[in-house]
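Take a look at the structure below.
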Amino acid sequence: MISPPKLQLQALGKTRAKVLISVKMAAGSLCEVTVQLPSLEHKNEVKGESLVLIKYIDSHFEGPSLFPQDPDKKEFAEELLSYSDGFTRAVISAFKGDGNEAGAAFDFIETALSKYDDGPFFLGQFSLVDIAYAPFIERYQPLLLAEKKYDTIAGRPKLVAWIKEMDKIDGYKQTKREPKEILEIYKKYFLVFSCFLSTVLTVDYLKSVAYNMI
């Protein structure tokens, strides 16, 4: 049985570090935004990056490992985890453009979900990869639909099946928000979107928004 700390995305938010991001805007003024990034203090050490955190929780808390031992799946898991920032950048590009830029990113997700046939998740069985992508896929879906009229699940049956299976997991359901609430929260943060002149900063910012909602 999977232990709650590994199953619940909330485990990432037990301890949070507040970060003040100050970025000079093109006009020369200063835009200050206070966001919370996920962090975890354990054995007098603080871990503070989301992908590092989920691997740390997996290896230091009770329960079966959610990281695959099979070499092929392990390699694919690392590939998917490495792409998570690229996925977020694609969403950012979609908001700067007409929304179609997100298509390639969600096509990648659909293809990834089609690789294994021993289950509906990225690696067939539930894993850290599902935990890493869940908050972003869930929350970008209503945002892209409302703001860009782009339906992320249209024509993507594997993604639809994945969402349905994720919704059956009690620990995950505890972290979910209503679409209306998601839109309200993201719109508030996107009011300061223009403050960010660096793609890297913007990726970190959007990821922090997703985890703030846990």
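Quick note on naming: the chains in the structure tokens go A, B, ... in the order shown, residues restart at 1 in each chain, and ligands are numbered from 1 in order of appearance.
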Legend entry - Residue neighbourhood range 71-87 of chain A, 8 Å, only C-alpha atoms, exclusion window fewer than 4 positions, as an MDAnalysis selection string: chainID A and resid 51 67 91 105 123 129 132:133 203
May I have the residues from that selection written out with N, CA and C atoms, as a tab-separated table (two decimals), in the first residue's frame?
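Output file out36.tsv is given in full below:
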```tsv
chain	number	residue	atom	x	y	z
A	51	LEU	N	11.15	18.85	-8.08
A	51	LEU	CA	11.56	17.53	-8.53
A	51	LEU	C	12.51	16.86	-7.54
A	67	PHE	N	9.44	5.32	-7.80
A	67	PHE	CA	10.38	5.49	-8.92
A	67	PHE	C	10.70	4.11	-9.47
A	91	VAL	N	3.41	26.26	-22.25
A	91	VAL	CA	2.18	26.92	-21.78
A	91	VAL	C	2.38	28.43	-21.77
A	105	ALA	N	3.03	20.52	-26.81
A	105	ALA	CA	3.34	20.05	-25.47
A	105	ALA	C	2.35	18.98	-25.02
A	123	LEU	N	4.10	5.71	-16.68
A	123	LEU	CA	4.96	4.53	-16.71
A	123	LEU	C	4.14	3.25	-16.59
A	129	VAL	N	6.38	10.47	-11.80
A	129	VAL	CA	6.12	11.27	-13.00
A	129	VAL	C	4.69	11.81	-12.97
A	132	ALA	N	4.55	14.64	-10.57
A	132	ALA	CA	5.20	15.85	-11.09
A	132	ALA	C	4.31	16.62	-12.05
A	133	TYR	N	3.57	15.92	-12.89
A	133	TYR	CA	2.78	16.58	-13.93
A	133	TYR	C	1.36	16.92	-13.50
A	203	VAL	N	9.02	30.56	-15.75
A	203	VAL	CA	8.75	29.14	-15.49
A	203	VAL	C	8.69	28.88	-14.00
```
Inset, instruction - Enumerate, as a ChimeraX atom specification, the complete set of residues in range 24-176 of chain A that a backbone-based DSSP assignment places in helix (DSSP H, G or I). - result: /A:50-60,71-96,101-113,128-148,157-166,170-173
May I have all residues of range 90-172 of chain A that DSSP, computed from the backbone, assigns to strand (DSSP E or B), given as a tab-separated table (two decimals) with C-alpha atoms, in the first residue's frame?
```tsv
chain	number	residue	atom	x	y	z
A	121	PHE	CA	-0.24	6.26	-16.07
A	123	LEU	CA	4.96	4.53	-16.71
A	124	GLY	CA	1.98	2.23	-16.77
A	125	GLN	CA	1.71	2.21	-12.99
```
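Put simply, CA of Leu183 in chain A is 7.2 Å away from CA of Pro142 in chain A.
For the set A:Ala104, A:Val160, A:Ala146, A:Ala154, the residue with the smallest atom-to-atom gap to Tyr186 in chain A is A:Ala146, counting only C-alpha atoms.
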Inset, instruction - Within 8 Å of Pro120 in chain A, counting only C-alpha atoms, which residues show up once you throw out same-chain ones fewer than 6 positions away? Write them as a VMD selection string, please. - result: chain A and resid 113 158 161 to 162 165
Go ahead and save the picked residues with N, CA and C atoms, as a PDB file, in the first residue's frame.
```pdb
ATOM      1  N   LEU A 113       1.963   8.998 -22.670  1.00  0.00           N
ATOM      2  CA  LEU A 113       0.983   8.139 -22.002  1.00  0.00           C
ATOM      3  C   LEU A 113       0.661   6.890 -22.822  1.00  0.00           C
ATOM      4  N   LYS A 158      -5.787   9.157 -24.301  1.00  0.00           N
ATOM      5  CA  LYS A 158      -4.896   8.688 -23.234  1.00  0.00           C
ATOM      6  C   LYS A 158      -4.861   9.700 -22.090  1.00  0.00           C
ATOM      7  N   ALA A 161      -8.089   9.418 -20.128  1.00  0.00           N
ATOM      8  CA  ALA A 161      -8.062   8.238 -19.256  1.00  0.00           C
ATOM      9  C   ALA A 161      -7.164   8.474 -18.050  1.00  0.00           C
ATOM     10  N   TRP A 162      -6.034   9.156 -18.278  1.00  0.00           N
ATOM     11  CA  TRP A 162      -5.106   9.459 -17.179  1.00  0.00           C
ATOM     12  C   TRP A 162      -5.770  10.354 -16.136  1.00  0.00           C
ATOM     13  N   GLU A 165      -8.201   8.394 -14.028  1.00  0.00           N
ATOM     14  CA  GLU A 165      -7.537   7.528 -13.052  1.00  0.00           C
ATOM     15  C   GLU A 165      -6.941   8.346 -11.910  1.00  0.00           C
TER      16      GLU A 165
END
```
Inset, instruction - Do a neighbour search on Tyr150 in chain A at 12 Å with only C-alpha atoms, toss out local chain neighbours closer than 5 positions, and write the hits as a PyMOL selection string. - result: chain A and resi 91+94-95+97-103+106+140-145+155
Please write the residues from the selection above to a file, keeping N, CA, C and O atoms, as a PDB file, in the first residue's frame.
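So the final result, stored in selection_29.pdb, reads:
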```pdb
ATOM      1  N   VAL A  91       3.410  26.263 -22.252  1.00  0.00           N
ATOM      2  CA  VAL A  91       2.183  26.915 -21.779  1.00  0.00           C
ATOM      3  C   VAL A  91       2.377  28.430 -21.773  1.00  0.00           C
ATOM      4  O   VAL A  91       1.493  29.186 -22.174  1.00  0.00           O
ATOM      5  N   ALA A  94       2.021  29.765 -25.120  1.00  0.00           N
ATOM      6  CA  ALA A  94       0.625  29.768 -25.532  1.00  0.00           C
ATOM      7  C   ALA A  94      -0.084  31.036 -25.073  1.00  0.00           C
ATOM      8  O   ALA A  94      -0.914  31.588 -25.797  1.00  0.00           O
ATOM      9  N   PHE A  95       0.245  31.509 -23.900  1.00  0.00           N
ATOM     10  CA  PHE A  95      -0.398  32.728 -23.402  1.00  0.00           C
ATOM     11  C   PHE A  95       0.141  33.973 -24.091  1.00  0.00           C
ATOM     12  O   PHE A  95      -0.544  34.981 -24.187  1.00  0.00           O
ATOM     13  N   GLY A  97       0.978  33.890 -27.291  1.00  0.00           N
ATOM     14  CA  GLY A  97       0.497  33.809 -28.655  1.00  0.00           C
ATOM     15  C   GLY A  97      -0.986  33.531 -28.721  1.00  0.00           C
ATOM     16  O   GLY A  97      -1.771  34.064 -27.925  1.00  0.00           O
ATOM     17  N   ASP A  98      -1.361  32.639 -29.645  1.00  0.00           N
ATOM     18  CA  ASP A  98      -2.784  32.361 -29.845  1.00  0.00           C
ATOM     19  C   ASP A  98      -3.247  31.088 -29.156  1.00  0.00           C
ATOM     20  O   ASP A  98      -4.390  30.675 -29.305  1.00  0.00           O
ATOM     21  N   GLY A  99      -2.357  30.465 -28.424  1.00  0.00           N
ATOM     22  CA  GLY A  99      -2.741  29.277 -27.674  1.00  0.00           C
ATOM     23  C   GLY A  99      -2.342  27.978 -28.343  1.00  0.00           C
ATOM     24  O   GLY A  99      -2.293  26.927 -27.703  1.00  0.00           O
ATOM     25  N   ASN A 100      -2.027  28.028 -29.632  1.00  0.00           N
ATOM     26  CA  ASN A 100      -1.702  26.801 -30.349  1.00  0.00           C
ATOM     27  C   ASN A 100      -0.357  26.203 -29.935  1.00  0.00           C
ATOM     28  O   ASN A 100      -0.097  25.024 -30.163  1.00  0.00           O
ATOM     29  N   GLU A 101       0.506  27.032 -29.357  1.00  0.00           N
ATOM     30  CA  GLU A 101       1.821  26.540 -28.943  1.00  0.00           C
ATOM     31  C   GLU A 101       1.702  25.417 -27.919  1.00  0.00           C
ATOM     32  O   GLU A 101       2.602  24.583 -27.793  1.00  0.00           O
ATOM     33  N   ALA A 102       0.619  25.403 -27.175  1.00  0.00           N
ATOM     34  CA  ALA A 102       0.429  24.367 -26.164  1.00  0.00           C
ATOM     35  C   ALA A 102       0.153  23.009 -26.799  1.00  0.00           C
ATOM     36  O   ALA A 102       0.338  21.969 -26.161  1.00  0.00           O
ATOM     37  N   GLY A 103      -0.279  23.011 -28.055  1.00  0.00           N
ATOM     38  CA  GLY A 103      -0.643  21.767 -28.720  1.00  0.00           C
ATOM     39  C   GLY A 103       0.478  20.751 -28.751  1.00  0.00           C
ATOM     40  O   GLY A 103       0.275  19.573 -28.445  1.00  0.00           O
ATOM     41  N   PHE A 106       1.073  19.196 -25.279  1.00  0.00           N
ATOM     42  CA  PHE A 106       0.072  18.208 -24.884  1.00  0.00           C
ATOM     43  C   PHE A 106       0.086  16.996 -25.806  1.00  0.00           C
ATOM     44  O   PHE A 106      -0.284  15.894 -25.383  1.00  0.00           O
ATOM     45  N   TYR A 140      -3.673  23.914 -15.874  1.00  0.00           N
ATOM     46  CA  TYR A 140      -3.567  24.598 -17.151  1.00  0.00           C
ATOM     47  C   TYR A 140      -4.773  24.309 -18.035  1.00  0.00           C
ATOM     48  O   TYR A 140      -5.102  25.096 -18.931  1.00  0.00           O
ATOM     49  N   GLN A 141      -5.435  23.178 -17.829  1.00  0.00           N
ATOM     50  CA  GLN A 141      -6.581  22.808 -18.660  1.00  0.00           C
ATOM     51  C   GLN A 141      -7.697  23.859 -18.636  1.00  0.00           C
ATOM     52  O   GLN A 141      -8.082  24.367 -19.697  1.00  0.00           O
ATOM     53  N   PRO A 142      -8.234  24.229 -17.469  1.00  0.00           N
ATOM     54  CA  PRO A 142      -9.298  25.246 -17.479  1.00  0.00           C
ATOM     55  C   PRO A 142      -8.789  26.630 -17.852  1.00  0.00           C
ATOM     56  O   PRO A 142      -9.533  27.435 -18.423  1.00  0.00           O
ATOM     57  N   LEU A 143      -7.522  26.908 -17.555  1.00  0.00           N
ATOM     58  CA  LEU A 143      -6.968  28.224 -17.869  1.00  0.00           C
ATOM     59  C   LEU A 143      -6.843  28.419 -19.378  1.00  0.00           C
ATOM     60  O   LEU A 143      -7.231  29.457 -19.913  1.00  0.00           O
ATOM     61  N   LEU A 144      -6.304  27.420 -20.068  1.00  0.00           N
ATOM     62  CA  LEU A 144      -6.175  27.520 -21.526  1.00  0.00           C
ATOM     63  C   LEU A 144      -7.544  27.543 -22.196  1.00  0.00           C
ATOM     64  O   LEU A 144      -7.746  28.249 -23.195  1.00  0.00           O
ATOM     65  N   LEU A 145      -8.487  26.801 -21.653  1.00  0.00           N
ATOM     66  CA  LEU A 145      -9.825  26.768 -22.234  1.00  0.00           C
ATOM     67  C   LEU A 145     -10.511  28.118 -22.086  1.00  0.00           C
ATOM     68  O   LEU A 145     -11.144  28.619 -23.027  1.00  0.00           O
ATOM     69  N   GLY A 155      -9.340  15.131 -28.519  1.00  0.00           N
ATOM     70  CA  GLY A 155      -8.543  14.280 -29.389  1.00  0.00           C
ATOM     71  C   GLY A 155      -7.399  13.587 -28.695  1.00  0.00           C
ATOM     72  O   GLY A 155      -6.502  13.045 -29.364  1.00  0.00           O
TER      73      GLY A 155
END
```
